[in-house]
file structure01.csv (CSV, C-alpha atoms)
chain,number,residue,atom,x,y,z
F,1,MET,CA,35.9,-17.5,117.4
F,2,HIS,CA,36.4,-16.9,113.7
F,3,ALA,CA,35.5,-19.5,111.2
F,4,THR,CA,38.3,-21.0,109.4
F,5,GLY,CA,36.4,-21.3,106.1
F,6,LEU,CA,33.2,-20.4,104.4
F,7,ALA,CA,30.4,-22.8,104.4
F,8,ALA,CA,29.2,-24.2,101.1
F,9,PRO,CA,25.9,-23.0,99.8
F,10,ALA,CA,22.9,-25.2,100.2
F,11,GLY,CA,22.2,-27.6,97.4
F,12,THR,CA,25.8,-27.7,96.2
F,13,PRO,CA,27.3,-31.2,95.9
F,14,ARG,CA,30.1,-31.9,98.3
F,15,LEU,CA,33.4,-33.0,96.8
F,16,PRO,CA,35.7,-35.5,98.6
F,17,SER,CA,38.6,-34.1,100.3
F,18,LYS,CA,42.1,-34.7,98.8
F,19,ARG,CA,45.1,-35.6,101.0
F,20,ARG,CA,48.1,-33.7,100.1
F,21,VAL,CA,51.3,-35.8,99.8
F,22,PRO,CA,54.4,-33.9,100.5
F,23,VAL,CA,56.6,-33.8,97.4
F,24,SER,CA,60.2,-34.5,98.1
F,25,GLN,CA,62.6,-31.9,96.8
F,26,PRO,CA,65.7,-32.9,94.9
F,27,GLY,CA,68.4,-33.8,97.2
F,28,MET,CA,66.0,-34.6,100.0
F,29,ALA,CA,65.2,-38.1,101.3
F,30,ASP,CA,61.8,-39.8,101.3
F,31,PRO,CA,60.0,-38.7,104.5
F,32,HIS,CA,58.5,-42.3,104.8
F,33,GLN,CA,61.9,-44.0,104.4
F,34,PHE,CA,63.7,-44.9,107.6
F,35,PHE,CA,67.2,-45.3,106.1
F,36,ASP,CA,69.0,-43.6,103.3
F,37,ASP,CA,69.6,-45.6,100.1
F,38,THR,CA,73.3,-45.6,99.4
F,39,SER,CA,73.4,-48.5,96.9
F,40,SER,CA,73.5,-46.2,93.9
F,41,THR,CA,75.5,-43.4,95.4
F,42,PRO,CA,79.3,-43.2,95.5
F,43,SER,CA,81.1,-44.0,98.7
F,44,ARG,CA,81.5,-41.1,101.1
F,45,GLY,CA,84.8,-42.3,102.3
F,46,TYR,CA,87.9,-40.9,100.5
F,47,GLY,CA,86.1,-40.8,97.1
F,48,GLY,CA,87.3,-44.2,96.0
F,49,GLN,CA,85.5,-47.5,95.3
F,50,PRO,CA,85.1,-50.0,98.1
F,51,SER,CA,88.0,-52.4,98.5
F,52,PRO,CA,87.7,-56.0,97.3
F,53,GLY,CA,88.0,-57.1,100.9
F,54,GLY,CA,84.6,-55.5,101.7
F,55,LEU,CA,86.0,-53.2,104.4
F,56,GLY,CA,84.8,-50.1,102.7
F,57,TYR,CA,88.3,-48.6,102.3
F,58,PRO,CA,89.7,-47.7,98.9
F,59,THR,CA,92.7,-49.5,97.7
F,60,SER,CA,95.0,-48.0,95.1
F,61,SER,CA,97.2,-49.9,92.5
F,62,SER,CA,100.3,-49.0,94.4
F,63,ASP,CA,99.0,-50.4,97.6
F,64,ALA,CA,98.1,-53.7,95.8
F,65,ALA,CA,101.6,-53.9,94.4
F,66,PHE,CA,103.1,-53.3,97.8
F,67,LEU,CA,101.0,-56.1,99.3
F,68,ALA,CA,101.8,-58.5,96.4
F,69,ALA,CA,105.6,-57.9,96.3
F,70,PRO,CA,106.4,-59.6,99.7
F,71,MET,CA,104.4,-62.7,98.7
F,72,SER,CA,106.2,-63.1,95.3
F,73,ASN,CA,109.6,-62.6,96.9
F,74,MET,CA,108.8,-65.2,99.6
F,75,ALA,CA,107.7,-67.7,96.9
F,76,MET,CA,110.9,-67.1,94.9
F,77,VAL,CA,113.1,-67.6,98.0
F,78,TYR,CA,111.2,-70.8,98.9
F,79,GLY,CA,111.5,-72.1,95.4
F,80,SER,CA,115.2,-71.4,95.3
F,81,SER,CA,115.8,-73.2,98.6
F,82,LEU,CA,113.9,-76.2,97.4
F,83,ALA,CA,115.9,-76.3,94.1
F,84,ALA,CA,119.1,-76.0,96.0
F,85,GLN,CA,118.1,-78.8,98.4
F,86,GLY,CA,117.1,-81.0,95.5
F,87,LYS,CA,120.4,-80.5,93.7
F,88,GLU,CA,122.4,-81.3,96.8
F,89,LEU,CA,120.4,-84.5,97.3
F,90,VAL,CA,120.9,-85.6,93.7
F,91,ASP,CA,124.6,-84.9,93.9
F,92,LYS,CA,125.0,-86.9,97.1
F,93,ASN,CA,123.1,-89.9,95.8
F,94,ILE,CA,124.4,-90.0,92.2
F,95,ASP,CA,128.0,-90.5,93.5
F,96,ARG,CA,126.9,-93.7,95.2
F,97,PHE,CA,126.1,-95.3,91.8
F,98,ILE,CA,128.0,-93.2,89.2
F,99,PRO,CA,131.4,-91.9,90.3
F,100,VAL,CA,131.2,-88.7,88.4
F,101,SER,CA,134.4,-87.3,89.8
F,102,LYS,CA,136.3,-90.4,88.7
F,103,LEU,CA,134.7,-90.4,85.2
F,104,LYS,CA,136.1,-86.9,84.7
F,105,TYR,CA,139.6,-88.4,85.0
F,106,TYR,CA,139.0,-90.9,82.2
F,107,PHE,CA,137.9,-88.2,79.8
F,108,ALA,CA,140.7,-85.8,80.5
F,109,VAL,CA,142.3,-86.2,77.1
F,110,ASP,CA,143.5,-84.0,74.2
F,111,THR,CA,144.2,-84.4,70.5
F,112,VAL,CA,147.9,-85.3,71.1
F,113,TYR,CA,147.0,-88.0,73.5
F,114,VAL,CA,144.3,-89.5,71.2
F,115,GLY,CA,146.8,-89.6,68.2
F,116,LYS,CA,149.5,-91.2,70.3
F,117,LYS,CA,147.1,-93.7,71.9
F,118,LEU,CA,145.7,-94.8,68.5
F,119,GLY,CA,149.3,-95.3,67.2
F,120,LEU,CA,150.1,-97.4,70.3
F,121,LEU,CA,147.0,-99.6,69.8
F,122,VAL,CA,148.0,-100.3,66.2
F,123,PHE,CA,151.8,-100.5,66.7
F,124,PRO,CA,152.5,-101.6,70.3
F,125,TYR,CA,155.7,-103.5,69.4
F,126,LEU,CA,158.2,-100.6,69.7
F,127,HIS,CA,156.8,-99.1,72.9
F,128,GLN,CA,159.1,-99.8,75.9
F,129,ASP,CA,157.9,-98.0,79.0
F,130,TRP,CA,154.4,-99.3,80.0
F,131,GLU,CA,154.4,-98.0,83.6
F,132,VAL,CA,151.6,-95.6,84.6
F,133,GLN,CA,152.9,-92.4,86.0
F,134,TYR,CA,151.8,-91.3,89.5
F,135,GLN,CA,151.9,-88.0,91.3
F,136,GLN,CA,151.5,-88.2,95.0
F,137,ASP,CA,149.9,-91.6,94.9
F,138,THR,CA,147.4,-90.5,92.2
F,139,PRO,CA,147.7,-91.4,88.6
F,140,VAL,CA,148.2,-88.4,86.3
F,141,ALA,CA,145.6,-87.5,83.8
F,142,PRO,CA,145.6,-89.5,80.5
F,143,ARG,CA,146.6,-86.4,78.5
F,144,PHE,CA,149.9,-86.4,80.4
F,145,ASP,CA,150.5,-90.2,80.2
F,146,ILE,CA,150.0,-92.4,77.1
F,147,ASN,CA,149.9,-95.5,79.3
F,148,ALA,CA,146.9,-94.3,81.4
F,149,PRO,CA,143.5,-95.8,80.5
F,150,ASP,CA,140.8,-93.5,79.2
F,151,LEU,CA,137.1,-93.8,78.2
F,152,TYR,CA,137.1,-91.3,75.4
F,153,ILE,CA,138.6,-93.6,72.8
F,154,PRO,CA,136.5,-96.7,73.7
F,155,ALA,CA,133.3,-94.6,73.8
F,156,MET,CA,134.0,-92.9,70.4
F,157,ALA,CA,135.2,-96.2,68.9
F,158,PHE,CA,132.0,-98.0,70.0
F,159,ILE,CA,129.8,-95.3,68.5
F,160,THR,CA,131.8,-95.4,65.3
F,161,TYR,CA,131.7,-99.1,65.2
F,162,ILE,CA,127.9,-99.0,65.2
F,163,LEU,CA,127.8,-96.4,62.5
F,164,VAL,CA,130.2,-98.4,60.3
F,165,ALA,CA,128.1,-101.5,60.9
F,166,GLY,CA,125.1,-99.6,59.7
F,167,LEU,CA,127.0,-98.6,56.6
F,168,ALA,CA,128.1,-102.1,55.9
F,169,LEU,CA,124.6,-103.4,56.3
F,170,GLY,CA,123.3,-100.7,54.0
F,171,THR,CA,125.7,-101.5,51.2
F,172,GLN,CA,124.4,-105.1,51.3
F,173,ASP,CA,120.8,-104.0,51.3
F,174,ARG,CA,120.3,-105.6,54.8
F,175,PHE,CA,120.0,-102.4,56.8
F,176,SER,CA,117.1,-102.1,59.3
F,177,PRO,CA,116.8,-100.3,62.6
F,178,ASP,CA,116.1,-103.6,64.4
F,179,LEU,CA,119.2,-105.2,63.0
F,180,LEU,CA,121.4,-102.2,63.9
F,181,GLY,CA,120.0,-102.2,67.5
F,182,LEU,CA,120.7,-105.9,67.7
F,183,GLN,CA,124.3,-105.2,66.7
F,184,ALA,CA,124.7,-102.5,69.4
F,185,SER,CA,123.1,-104.6,72.1
F,186,SER,CA,125.1,-107.6,71.2
F,187,ALA,CA,128.4,-105.7,71.5
F,188,LEU,CA,127.3,-104.2,74.9
F,189,ALA,CA,126.3,-107.6,76.2
F,190,TRP,CA,129.6,-109.2,75.3
F,191,LEU,CA,131.5,-106.2,76.9
F,192,THR,CA,129.4,-106.6,80.1
F,193,LEU,CA,130.0,-110.4,80.1
F,194,GLU,CA,133.7,-109.8,79.8
F,195,VAL,CA,133.9,-107.4,82.7
F,196,VAL,CA,131.8,-109.7,85.0
F,197,ALA,CA,133.9,-112.7,84.1
F,198,ILE,CA,137.2,-110.9,84.7
F,199,LEU,CA,136.0,-109.5,88.1
F,200,LEU,CA,134.8,-112.9,89.2
F,201,SER,CA,138.2,-114.5,88.1
F,202,LEU,CA,140.2,-111.9,90.0
F,203,TYR,CA,138.1,-112.6,93.1
F,204,LEU,CA,138.6,-116.4,92.8
F,205,VAL,CA,142.3,-116.1,92.2
F,206,THR,CA,142.5,-113.6,95.1
F,207,VAL,CA,144.3,-110.9,93.2
F,208,ASN,CA,144.9,-107.7,95.1
F,209,THR,CA,145.2,-105.1,92.4
F,210,ASP,CA,144.4,-101.5,91.7
F,211,LEU,CA,142.6,-102.5,88.5
F,212,THR,CA,139.1,-101.0,88.8
F,213,THR,CA,135.9,-101.8,86.9
F,214,ILE,CA,136.3,-98.6,84.8
F,215,ASP,CA,139.9,-99.6,83.9
F,216,LEU,CA,138.6,-102.9,82.6
F,217,VAL,CA,135.9,-101.2,80.5
F,218,ALA,CA,138.6,-98.9,79.1
F,219,PHE,CA,141.0,-101.7,78.2
F,220,LEU,CA,138.3,-104.0,76.8
F,221,GLY,CA,136.9,-101.1,74.7
F,222,TYR,CA,140.1,-100.5,72.8
F,223,LYS,CA,139.4,-103.5,70.6
F,224,TYR,CA,136.7,-101.5,68.8
F,225,VAL,CA,139.5,-99.5,67.1
F,226,GLY,CA,140.8,-102.6,65.3
F,227,MET,CA,137.2,-103.7,64.5
F,228,ILE,CA,136.5,-100.4,62.7
F,229,GLY,CA,139.7,-100.7,60.7
F,230,GLY,CA,138.9,-104.3,59.6
F,231,VAL,CA,135.3,-103.5,58.5
F,232,LEU,CA,136.3,-100.3,56.6
F,233,THR,CA,139.0,-102.2,54.8
F,234,GLY,CA,136.6,-105.0,54.0
F,235,LEU,CA,134.2,-102.5,52.5
F,236,LEU,CA,136.9,-101.0,50.3
F,237,PHE,CA,139.0,-104.1,49.3
F,238,GLY,CA,136.8,-107.1,50.1
F,239,LYS,CA,137.4,-110.0,52.3
F,240,ILE,CA,141.1,-110.2,51.7
F,241,GLY,CA,141.7,-106.7,53.0
F,242,TYR,CA,139.4,-107.4,55.9
F,243,TYR,CA,141.3,-110.5,57.0
F,244,LEU,CA,144.7,-108.8,56.6
F,245,VAL,CA,143.9,-105.7,58.6
F,246,LEU,CA,141.8,-107.6,61.2
F,247,ALA,CA,144.7,-110.1,61.7
F,248,TRP,CA,147.2,-107.2,62.3
F,249,CYS,CA,144.8,-105.5,64.7
F,250,CYS,CA,144.2,-108.7,66.6
F,251,VAL,CA,147.9,-109.4,67.2
F,252,SER,CA,148.4,-105.7,68.2
F,253,ILE,CA,145.6,-105.8,70.7
F,254,PHE,CA,146.8,-109.1,72.1
F,255,VAL,CA,150.3,-107.6,72.7
F,256,PHE,CA,148.8,-104.4,74.1
F,257,MET,CA,146.7,-106.3,76.6
F,258,ILE,CA,149.5,-108.6,77.7
F,259,ARG,CA,151.9,-105.8,78.4
F,260,THR,CA,149.3,-103.6,80.1
F,261,LEU,CA,147.6,-106.2,82.3
F,262,ARG,CA,150.7,-107.9,83.5
F,263,LEU,CA,151.7,-104.6,85.2
F,264,LYS,CA,148.3,-104.5,86.9
F,265,ILE,CA,148.1,-108.2,87.9
F,266,LEU,CA,151.5,-109.8,87.9
F,267,ALA,CA,153.5,-106.8,89.2
F,268,GLN,CA,151.2,-106.7,92.2
F,269,ALA,CA,152.0,-110.3,92.9
F,270,ALA,CA,155.7,-109.7,92.8
F,271,ALA,CA,155.2,-106.8,95.2
F,272,GLU,CA,153.4,-109.2,97.6
F,273,GLY,CA,156.4,-111.5,97.5
F,274,VAL,CA,154.6,-114.3,95.6
F,275,PRO,CA,157.1,-116.6,93.9
F,276,VAL,CA,157.2,-116.3,90.1
F,277,ARG,CA,156.7,-120.0,89.6
F,278,GLY,CA,154.2,-120.4,92.3
F,279,ALA,CA,150.7,-121.8,91.7
F,280,ARG,CA,148.9,-118.6,92.4
F,281,ASN,CA,151.2,-116.6,90.2
F,282,GLN,CA,150.7,-119.1,87.4
F,283,LEU,CA,146.9,-118.7,87.7
F,284,ARG,CA,147.4,-114.9,87.4
F,285,MET,CA,149.5,-115.4,84.3
F,286,TYR,CA,146.9,-117.7,82.7
F,287,LEU,CA,144.2,-115.1,83.6
F,288,THR,CA,146.1,-112.3,81.9
F,289,MET,CA,146.7,-114.4,78.7
F,290,ALA,CA,143.0,-115.5,78.7
F,291,VAL,CA,141.8,-111.9,78.8
F,292,ALA,CA,144.2,-110.9,76.0
F,293,ALA,CA,143.3,-113.9,73.9
F,294,ALA,CA,139.6,-113.2,74.2
F,295,GLN,CA,139.9,-109.9,72.4
F,296,PRO,CA,140.8,-111.2,68.9
F,297,VAL,CA,138.0,-113.8,69.2
F,298,LEU,CA,135.4,-111.2,69.9
F,299,MET,CA,136.8,-108.9,67.3
F,300,TYR,CA,136.2,-111.5,64.6
F,301,TRP,CA,132.9,-112.6,66.1
F,302,LEU,CA,131.4,-109.1,66.0
F,303,THR,CA,132.6,-108.2,62.5
F,304,PHE,CA,132.8,-111.3,60.2
F,305,HIS,CA,129.1,-111.0,59.2
F,306,LEU,CA,129.5,-107.4,58.2
F,307,VAL,CA,131.8,-108.1,55.2
F,308,ARG,CA,130.8,-110.2,52.2

call {"tool": "encode", "arguments": {"input": "structure01.csv", "output": "structure tokens"}}
result
Amino acid sequence: MHATGLAAPAGTPRLPSKRRVPVSQPGMADPHQFFDDTSSTPSRGYGGQPSPGGLGYPTSSSDAAFLAAPMSNMAMVYGSSLAAQGKELVDKNIDRFIPVSKLKYYFAVDTVYVGKKLGLLVFPYLHQDWEVQYQQDTPVAPRFDINAPDLYIPAMAFITYILVAGLALGTQDRFSPDLLGLQASSALAWLTLEVVAILLSLYLVTVNTDLTTIDLVAFLGYKYVGMIGGVLTGLLFGKIGYYLVLAWCCVSIFVFMIRTLRLKILAQAAAEGVPVRGARNQLRMYLTMAVAAAQPVLMYWLTFHLVR
């Protein structure tokens, strides 16, 4: 057998043998590593980054938009259905307490009606026909009938009365928000007390009438027109002008209420066959006159302290 190597000469020191470690070439894995390290290398899938879901598949922006669109549409549809159900629920419940459809009738006015109605409130003496017009058992809108009650004039007159009261208090150096609020709350309290008292009286007298609570608010609210006239005249011409104009407006509202309410209360009694001089009919007549007489008293009570 041939020797694989030459022997070292005698007396020569022997060097320790070196172990050769195989050097890995670029692109080759470590021979002592069991698995390849893929943490710093790009994905070998389709060349994209791993998906957020952790499945290892790439997700493009168009795919994300495609997945998000159905969710947003579903949320919009669900929100719209909830809003529709809420609106329907509110509409059903609000009619139980506030008859919105009926209130629209009382605000169906125009400029011509407002002008004629104000003239009727100040000069009711020449008016002859006080009957409310009907169309198929339904009263026509106020803009077509001057005798129909409305809420536009009472509401605007009440707001104007509060403003005029503030003006009168300011000219006397007595204005304050608290005093103006007291004036408004006092007027509302008296109006509420009037309505409750009349409804209770109609119940006790057993009057079957088509006079509703809103009708009463409308008729009782017409007195604010005369109150505004009296206070404005008092600011311009003093107490003499106030008393003259207020006295005229008080008589006018008394006549207006008598001629209006007698058709609502006494005419119904005549239709029921109640004798004109009967006891029940006399009570109804007294009730009508009491309501009409209360208007001038309240007109003076709510305005006399505003003029000095």

call {"tool": "residues_around", "arguments": {"input": "structure01.csv", "residues": "Leu180 (chain F)", "least_positions_apart": "5", "cutoff": "9 Å", "atoms": "all atoms listed in the file", "output": "PyMOL selection string"}}
result
chain F and resi 162-163+165-166+169+175+185

call {"tool": "closest_residue", "arguments": {"input": "structure01.csv", "among": "F:Leu220, F:Ala184, F:Ala168, F:Leu179", "to": "Phe304 (chain F)", "atoms": "only C-alpha atoms"}}
result
F:Ala168

call {"tool": "closest_residue", "arguments": {"input": "structure01.csv", "among": "F:Val245, F:Leu298, F:Ala75, F:Leu82", "to": "Leu191 (chain F)", "atoms": "all atoms listed in the file"}}
result
F:Leu298

call {"tool": "atom_distance", "arguments": {"input": "structure01.csv", "atom1": "CA of Thr111 (chain F)", "atom2": "CA of Val291 (chain F)"}}
result
28.8 Å

call {"tool": "atom_distance", "arguments": {"input": "structure01.csv", "atom1": "CA of Leu103 (chain F)", "atom2": "CA of Asp215 (chain F)"}}
result
10.6 Å

call {"tool": "closest_residue", "arguments": {"input": "structure01.csv", "among": "F:Arg143, F:Arg284, F:Arg174, F:Lys239", "to": "Tyr203 (chain F)", "atoms": "only C-alpha atoms"}}
result
F:Arg284

call {"tool": "residues_around", "arguments": {"input": "structure01.csv", "residues": "Tyr106 (chain F)", "least_positions_apart": "4", "cutoff": "10 Å", "atoms": "only C-alpha atoms", "output": "list in words"}}
result
Ser101, Lys102, Ala141, Pro142, Arg143, Ala148, Pro149, Asp150, Leu151, Tyr152, Ile153, Ile214, Asp215 and Ala218 of chain F

call {"tool": "closest_residue", "arguments": {"input": "structure01.csv", "among": "F:Leu235, F:Trp248, F:Gln282, F:Val255", "to": "Gln172 (chain F)", "atoms": "all atoms listed in the file"}}
result
F:Leu235
